[in-house]
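Everything on this sheet refers to the single structure shown next.
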Amino acid sequence: MTTQTTAGPEPVATRRRTSAPRPRGSRLEQRRQRWGWLFVSPFLAVFALFLVFPLFYAFGMSLFTSTLATGTKFTGLGNYAKAFTDPLFMEGLLRVAAFAIVMIPAQLIVALLAALVLDSLTSWLSKLSRLLIFVPYAIPVVIGALMWSFLYSPKFGPSATLFTAVGLPTPDFLASGTIFGSLVNIVTWQWSGYYMVVIYAALRSIDPSIYEAARIDGANGLQTALRIKLPMISSSMVMVITFALIGTLQFFTEPVVLRNIAQGAIDAAYTPNMYAYSLAFSYSQFNYASAIAFSLGALVFAGSYLFLFLTRKQSGLK
Amino acid sequence: MKSKLLAVGGTVAVAAAALTGCSAGESTSATECTNKIVNADATQVSVWAWYPAFEDVVDLFNESHDDVQICWTNAGQGNDEYTKFSTALEAGSGAPDVIMLESEVLSSFSIRDGLVDLTEFGADDVKGDYTEGAWKDVSSGDAVYAIPVDGGPMGMLYRQDILDQYGIAAPTTWDEFAAAAQTLKDAGAPGVLADFPTNGRAYNQALFAQAGSVPFAYDNANPTEIGIDVNDEGSKKVNAYWNDLVEKGLVATDDAFTADYNTKLVDGSYAIYVAAAWGPGYLSGLSDADSDAVWRAAPVPQWDAANPVQINWGGSTFAVTSQAKDKEAAAVVAKEVFGTEEAWKIGIEKAALFPLWKPILESDYFRDLEYPFFGGQQINKDVFLEAAAGYTGFTFSPFQNYAYDQLTEQLYAMTQGEKSSDQALDDLQASLETYAGEQGFTLE
């Protein structure tokens, strides 16, 4: 960073140099720090009250085991040992992993293609298309999932009409074999527009003179997209994938909504988050539910950290 | 502009006042009542209930009681309410004084010390007002955890017009039922005879019980012991019967209580709806009903016509929670809110409830009541009174929600062709035994 000669970094460097030798305990600095804490304190209070404290509370809860018949007792990390040998939790983890493998590329490809096409078009139509692709994200997740549950319905949905028109049997979108694809479709529909906007914004921030240089060098549209645009927005891509990864590991709302109409195909432990929810609120096992939720949280943290570490070159976080 | 700002400021102030009012803790009930309190000085008892037309019943109670007043809130139906209650129990506060619960979840809450044993508060005084089956549903051993309100004795609602069209007589036995399903299919009817919902929960359980299944043995006096027997002969017979109909394509396997299912109930896709006494109320509340549908009620089909067995699906009760401030007053509400003829007439005529309170259950008024939905048929006399009288009660497990979820999973696997009908019930037995063990129960 300091080796760069463009305008930006210089003032930062000088400021740092002048501030460093100042003695730490100077009165001015102290007063500044005091004001700093004052400004930060409302946030800190809310943060502690609504995040740190509940986290500690939930962690404390996860160290106990309560059973219906024998009451509550301290079991230390016993719930965690149980979680990682619990077939329901493990199946749920494998399922969200499978969702991640299918769903993230699907969302990314749709978002990237849409962004690249919109970036090279400049008509009123591109503005309208941008809005239309983004609209699903503006619809609340629950409403979106409910809407799809009607579209999938063999009774009300348009699918029966469509498939009968072409003379094919109507598929059951809510059977155990097809529910995976049905969920992937909902999430891709919901999130691609949002990712598209992020990628599109990154594309717009590229200096157009680079394209000009590429054109002079003889690059066609596809080459420009693959060799110039894509590498230059890699940090945004990493961010988008991280969001998608965290979202997928915590997959919850869409399967919960669809469970109302497909209870057989989506069981109570379909994803780890749903499992934690069912444990706490249907089976009143609050302690074990906390342990499941914490284990999932740790895995999400580890997963996203690993991903960011592996892509540190592309993301510019190095 | 200025007036707008003022208006906004005013709203904020009101909102703030409301917020502080809500966070005042113990005294919340006073501000949350849906209904009007007639005697402000009387002891207030907070009640959660989801009955339609309950407000009139509450008003009636409040007007006739000087010392106790009901403060009613609708905290959601079924599982929505149970989730809130369960969380309140875990948190140690926030539960109402009296709560409407289905009898199937009473054990699940009493084992968590969420409910008060009403024998200390005069439950036995009203015991004689209820049928034996109804009273057994709310008792566990010597303890009584709730006062029964309405029940779900089962019958068969059918489309007279559809059956007539295909020359089918209303089936009285399950053999006739299967034959009718076959006839309907052979005739190329657009719909099927009935639905077998794998998520039917209490419905499937009731069908099994008709063939003698007693899935759980549980007594609150001995709360760490439980008997589980879900793969007995009777259950296996019933399950094999339905699986056979499913495999032959004679019945549908739609999930119950979905939009699809509701539509098919009323548009003629199912010719028969094996239902509880609250079924007519449920049906008539659905939209898109076939305008020329001719609904009639008949007794539920039997395995052995000579020895009919009556079954029950659902039914609600009033229980006093362990967080009730004045348990004496709360018990008065639980016992008396549906303890008058006037209250019951509201419940029957406006909410289609089936009373378990004998004075009205056994009255001429109820027996002779004509239902316009059934073309004026006296369905209580013809079907439901006998069903209610013949019902002897049922014991639910203290982890009924889990047991139902597992039942749904196994039945679904069966209808998908992944398991035989016997295997599904054997797997259910194994999973429930494992769960009971994990929860610290000793298996009898």
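Ordering of the structure tokens sets the chain letters (A, B, ...); residue numbers start at 1 within each chain; ligands are numbered from 1 in the order shown.
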Exercise. Would you list which chain B residues are within 10 Å of chain A using only C-alpha atoms, as a ChimeraX atom specification?
Worked result: /B:79-80,82-87,89-90,108-109,111-112,197-199,222-226,254-261,263-264,398-403,405-413,415-416,436-442
For this session: May I have the residues within 10 Å of Gly191 of chain B as JSON, numbers by chain, using only C-alpha atoms and disregarding those fewer than 2 positions away in the same chain?
Result: {"B": [162, 184, 185, 188, 189, 193, 194, 250, 251, 252, 264, 267, 268, 269, 270, 271]}
Next, the residues of the selection above should be written as a PDB file, in the first residue's frame with N, CA and C atoms.
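Here's the written file result37.pdb:
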ATOM      1  N   ILE B 162     -72.143 -37.102  -5.001  1.00  0.00           N
ATOM      2  CA  ILE B 162     -71.108 -37.845  -5.725  1.00  0.00           C
ATOM      3  C   ILE B 162     -71.338 -39.349  -5.589  1.00  0.00           C
ATOM      4  N   LEU B 184     -65.333 -46.271  -7.354  1.00  0.00           N
ATOM      5  CA  LEU B 184     -65.174 -44.886  -7.806  1.00  0.00           C
ATOM      6  C   LEU B 184     -64.060 -44.783  -8.847  1.00  0.00           C
ATOM      7  N   LYS B 185     -62.964 -45.496  -8.588  1.00  0.00           N
ATOM      8  CA  LYS B 185     -61.838 -45.432  -9.518  1.00  0.00           C
ATOM      9  C   LYS B 185     -62.180 -46.129 -10.831  1.00  0.00           C
ATOM     10  N   GLY B 188     -63.949 -44.242 -13.285  1.00  0.00           N
ATOM     11  CA  GLY B 188     -63.220 -43.114 -13.862  1.00  0.00           C
ATOM     12  C   GLY B 188     -63.615 -41.773 -13.289  1.00  0.00           C
ATOM     13  N   ALA B 189     -63.975 -41.743 -12.017  1.00  0.00           N
ATOM     14  CA  ALA B 189     -64.354 -40.481 -11.382  1.00  0.00           C
ATOM     15  C   ALA B 189     -63.155 -39.529 -11.349  1.00  0.00           C
ATOM     16  N   LEU B 193     -61.980 -41.331  -3.311  1.00  0.00           N
ATOM     17  CA  LEU B 193     -62.954 -41.463  -2.237  1.00  0.00           C
ATOM     18  C   LEU B 193     -62.571 -40.607  -1.030  1.00  0.00           C
ATOM     19  N   ALA B 194     -61.269 -40.613  -0.690  1.00  0.00           N
ATOM     20  CA  ALA B 194     -60.857 -39.894   0.523  1.00  0.00           C
ATOM     21  C   ALA B 194     -59.369 -39.595   0.455  1.00  0.00           C
ATOM     22  N   LEU B 250     -56.195 -45.547  -4.757  1.00  0.00           N
ATOM     23  CA  LEU B 250     -57.626 -45.372  -4.449  1.00  0.00           C
ATOM     24  C   LEU B 250     -57.874 -44.187  -3.520  1.00  0.00           C
ATOM     25  N   VAL B 251     -56.863 -43.752  -2.811  1.00  0.00           N
ATOM     26  CA  VAL B 251     -57.001 -42.558  -1.963  1.00  0.00           C
ATOM     27  C   VAL B 251     -55.838 -41.612  -2.252  1.00  0.00           C
ATOM     28  N   ALA B 252     -56.050 -40.328  -1.942  1.00  0.00           N
ATOM     29  CA  ALA B 252     -54.997 -39.335  -2.134  1.00  0.00           C
ATOM     30  C   ALA B 252     -54.089 -39.326  -0.906  1.00  0.00           C
ATOM     31  N   LYS B 264     -59.574 -29.216  -2.047  1.00  0.00           N
ATOM     32  CA  LYS B 264     -60.070 -30.526  -2.463  1.00  0.00           C
ATOM     33  C   LYS B 264     -61.194 -31.024  -1.554  1.00  0.00           C
ATOM     34  N   ASP B 267     -64.250 -29.088  -3.120  1.00  0.00           N
ATOM     35  CA  ASP B 267     -64.576 -29.030  -4.556  1.00  0.00           C
ATOM     36  C   ASP B 267     -64.912 -30.399  -5.148  1.00  0.00           C
ATOM     37  N   GLY B 268     -65.071 -31.394  -4.279  1.00  0.00           N
ATOM     38  CA  GLY B 268     -65.496 -32.692  -4.764  1.00  0.00           C
ATOM     39  C   GLY B 268     -64.352 -33.640  -5.112  1.00  0.00           C
ATOM     40  N   SER B 269     -63.092 -33.237  -4.876  1.00  0.00           N
ATOM     41  CA  SER B 269     -61.970 -34.127  -5.150  1.00  0.00           C
ATOM     42  C   SER B 269     -61.971 -35.322  -4.205  1.00  0.00           C
ATOM     43  N   TYR B 270     -62.471 -35.112  -2.978  1.00  0.00           N
ATOM     44  CA  TYR B 270     -62.673 -36.225  -2.059  1.00  0.00           C
ATOM     45  C   TYR B 270     -64.179 -36.376  -1.862  1.00  0.00           C
ATOM     46  N   ALA B 271     -64.676 -37.601  -1.998  1.00  0.00           N
ATOM     47  CA  ALA B 271     -66.113 -37.796  -1.810  1.00  0.00           C
ATOM     48  C   ALA B 271     -66.442 -37.954  -0.331  1.00  0.00           C
TER      49      ALA B 271
END
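Atom CA of Lys236 of chain B is positioned 26.7 Å from atom CA of Glu386 of chain B.
Distance-wise, atom CA of Val300 of chain A and atom CA of Leu112 of chain A end up 24.5 Å apart.
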For this session: Within segment 43-286 of chain B, find each residue whose DSSP state, derived from the backbone, is strand (DSSP E or B), and express the selection as a ChimeraX atom specification.
Result: /B:43-48,68-73,98-102,115,130,139-140,143-144,147-159,173,192,195,216-217,225-228,252,270,272-276
Those residues you just picked out, can you put them in a file as a PDB file, in the first residue's frame with C-alpha atoms?
ATOM      1  CA  THR B  43     -59.671 -10.112  40.503  1.00  0.00           C
ATOM      2  CA  GLN B  44     -58.565 -10.324  36.899  1.00  0.00           C
ATOM      3  CA  VAL B  45     -57.645 -13.651  35.340  1.00  0.00           C
ATOM      4  CA  SER B  46     -55.763 -13.583  32.044  1.00  0.00           C
ATOM      5  CA  VAL B  47     -56.858 -16.178  29.498  1.00  0.00           C
ATOM      6  CA  TRP B  48     -55.339 -17.339  26.200  1.00  0.00           C
ATOM      7  CA  VAL B  68     -63.605 -12.578  39.034  1.00  0.00           C
ATOM      8  CA  GLN B  69     -63.121 -11.056  35.583  1.00  0.00           C
ATOM      9  CA  ILE B  70     -61.636 -12.595  32.450  1.00  0.00           C
ATOM     10  CA  CYS B  71     -58.996 -10.693  30.529  1.00  0.00           C
ATOM     11  CA  TRP B  72     -58.820 -12.486  27.199  1.00  0.00           C
ATOM     12  CA  THR B  73     -56.025 -12.599  24.583  1.00  0.00           C
ATOM     13  CA  VAL B  98     -55.647 -19.831  32.274  1.00  0.00           C
ATOM     14  CA  ILE B  99     -54.800 -21.333  28.912  1.00  0.00           C
ATOM     15  CA  MET B 100     -56.721 -23.201  26.250  1.00  0.00           C
ATOM     16  CA  LEU B 101     -54.906 -26.432  25.381  1.00  0.00           C
ATOM     17  CA  GLU B 102     -55.816 -29.451  23.317  1.00  0.00           C
ATOM     18  CA  LEU B 115     -49.946 -26.805  34.875  1.00  0.00           C
ATOM     19  CA  TYR B 130     -68.501 -34.569  31.884  1.00  0.00           C
ATOM     20  CA  SER B 139     -56.571 -36.665  33.927  1.00  0.00           C
ATOM     21  CA  SER B 140     -53.380 -38.520  34.579  1.00  0.00           C
ATOM     22  CA  ALA B 143     -54.392 -35.629  38.962  1.00  0.00           C
ATOM     23  CA  VAL B 144     -56.651 -33.463  36.815  1.00  0.00           C
ATOM     24  CA  ILE B 147     -61.398 -28.820  32.510  1.00  0.00           C
ATOM     25  CA  PRO B 148     -62.715 -30.219  29.214  1.00  0.00           C
ATOM     26  CA  VAL B 149     -64.494 -27.861  26.843  1.00  0.00           C
ATOM     27  CA  ASP B 150     -65.160 -29.251  23.398  1.00  0.00           C
ATOM     28  CA  GLY B 151     -64.482 -32.625  21.845  1.00  0.00           C
ATOM     29  CA  GLY B 152     -64.008 -34.239  18.483  1.00  0.00           C
ATOM     30  CA  PRO B 153     -66.013 -37.472  18.368  1.00  0.00           C
ATOM     31  CA  MET B 154     -65.511 -38.814  14.889  1.00  0.00           C
ATOM     32  CA  GLY B 155     -67.970 -39.481  12.120  1.00  0.00           C
ATOM     33  CA  MET B 156     -67.980 -39.630   8.356  1.00  0.00           C
ATOM     34  CA  LEU B 157     -69.013 -36.612   6.304  1.00  0.00           C
ATOM     35  CA  TYR B 158     -69.791 -37.525   2.714  1.00  0.00           C
ATOM     36  CA  ARG B 159     -70.942 -36.076  -0.555  1.00  0.00           C
ATOM     37  CA  THR B 173     -67.427 -50.712   7.441  1.00  0.00           C
ATOM     38  CA  VAL B 192     -60.941 -40.139  -5.160  1.00  0.00           C
ATOM     39  CA  ASP B 195     -57.467 -38.598   1.595  1.00  0.00           C
ATOM     40  CA  PHE B 216     -48.772 -44.822  25.399  1.00  0.00           C
ATOM     41  CA  ALA B 217     -49.075 -45.832  29.016  1.00  0.00           C
ATOM     42  CA  GLU B 225     -41.938 -44.252  33.534  1.00  0.00           C
ATOM     43  CA  ILE B 226     -43.569 -44.653  30.176  1.00  0.00           C
ATOM     44  CA  GLY B 227     -44.926 -47.508  28.104  1.00  0.00           C
ATOM     45  CA  ILE B 228     -44.645 -47.213  24.327  1.00  0.00           C
ATOM     46  CA  ALA B 252     -54.997 -39.335  -2.134  1.00  0.00           C
ATOM     47  CA  TYR B 270     -62.673 -36.225  -2.059  1.00  0.00           C
ATOM     48  CA  ILE B 272     -65.678 -38.629   1.879  1.00  0.00           C
ATOM     49  CA  TYR B 273     -64.173 -36.646   4.731  1.00  0.00           C
ATOM     50  CA  VAL B 274     -63.631 -38.835   7.784  1.00  0.00           C
ATOM     51  CA  ALA B 275     -63.925 -36.074  10.329  1.00  0.00           C
ATOM     52  CA  ALA B 276     -64.475 -34.991  13.891  1.00  0.00           C
TER      53      ALA B 276
END
For this session: Could you pull out the residues in segment 310-395 of chain B that DSSP calls helix (DSSP H, G or I) from the backbone, as an MDAnalysis selection string?
Result: chainID B and resid 327:336 341:351 358:361 364:367 372:374 379:390
Exercise. Leaving out Pro105 of chain A and any residue of its chain fewer than 6 positions from it, which residues lie within 10 Å of it when counting only C-alpha atoms, given as a VMD selection string?
Worked result: chain A and resid 111 188 241 244
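The residue that comes closest to Ala170 of chain B, out of B:Asp117, B:Gly128, B:Glu362, B:Arg296 and on the basis of only C-alpha atoms, is B:Arg296.
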For this session: List the neighbours of Ser236 of chain A out to 8 Å using only C-alpha atoms; skip same-chain residues closer than 2 positions along the sequence, and give me the result as a ChimeraX atom specification.
Result: /A:198-199,202,233-234,238-240,315
Exercise. If we count only C-alpha atoms, what is near segment 121-136 of chain A at a cut-off of 8 Å, once residues fewer than 4 positions away on the same chain are taken out, given as a PyMOL selection string?
Worked result: chain A and resi 117+144+189-194+196-197
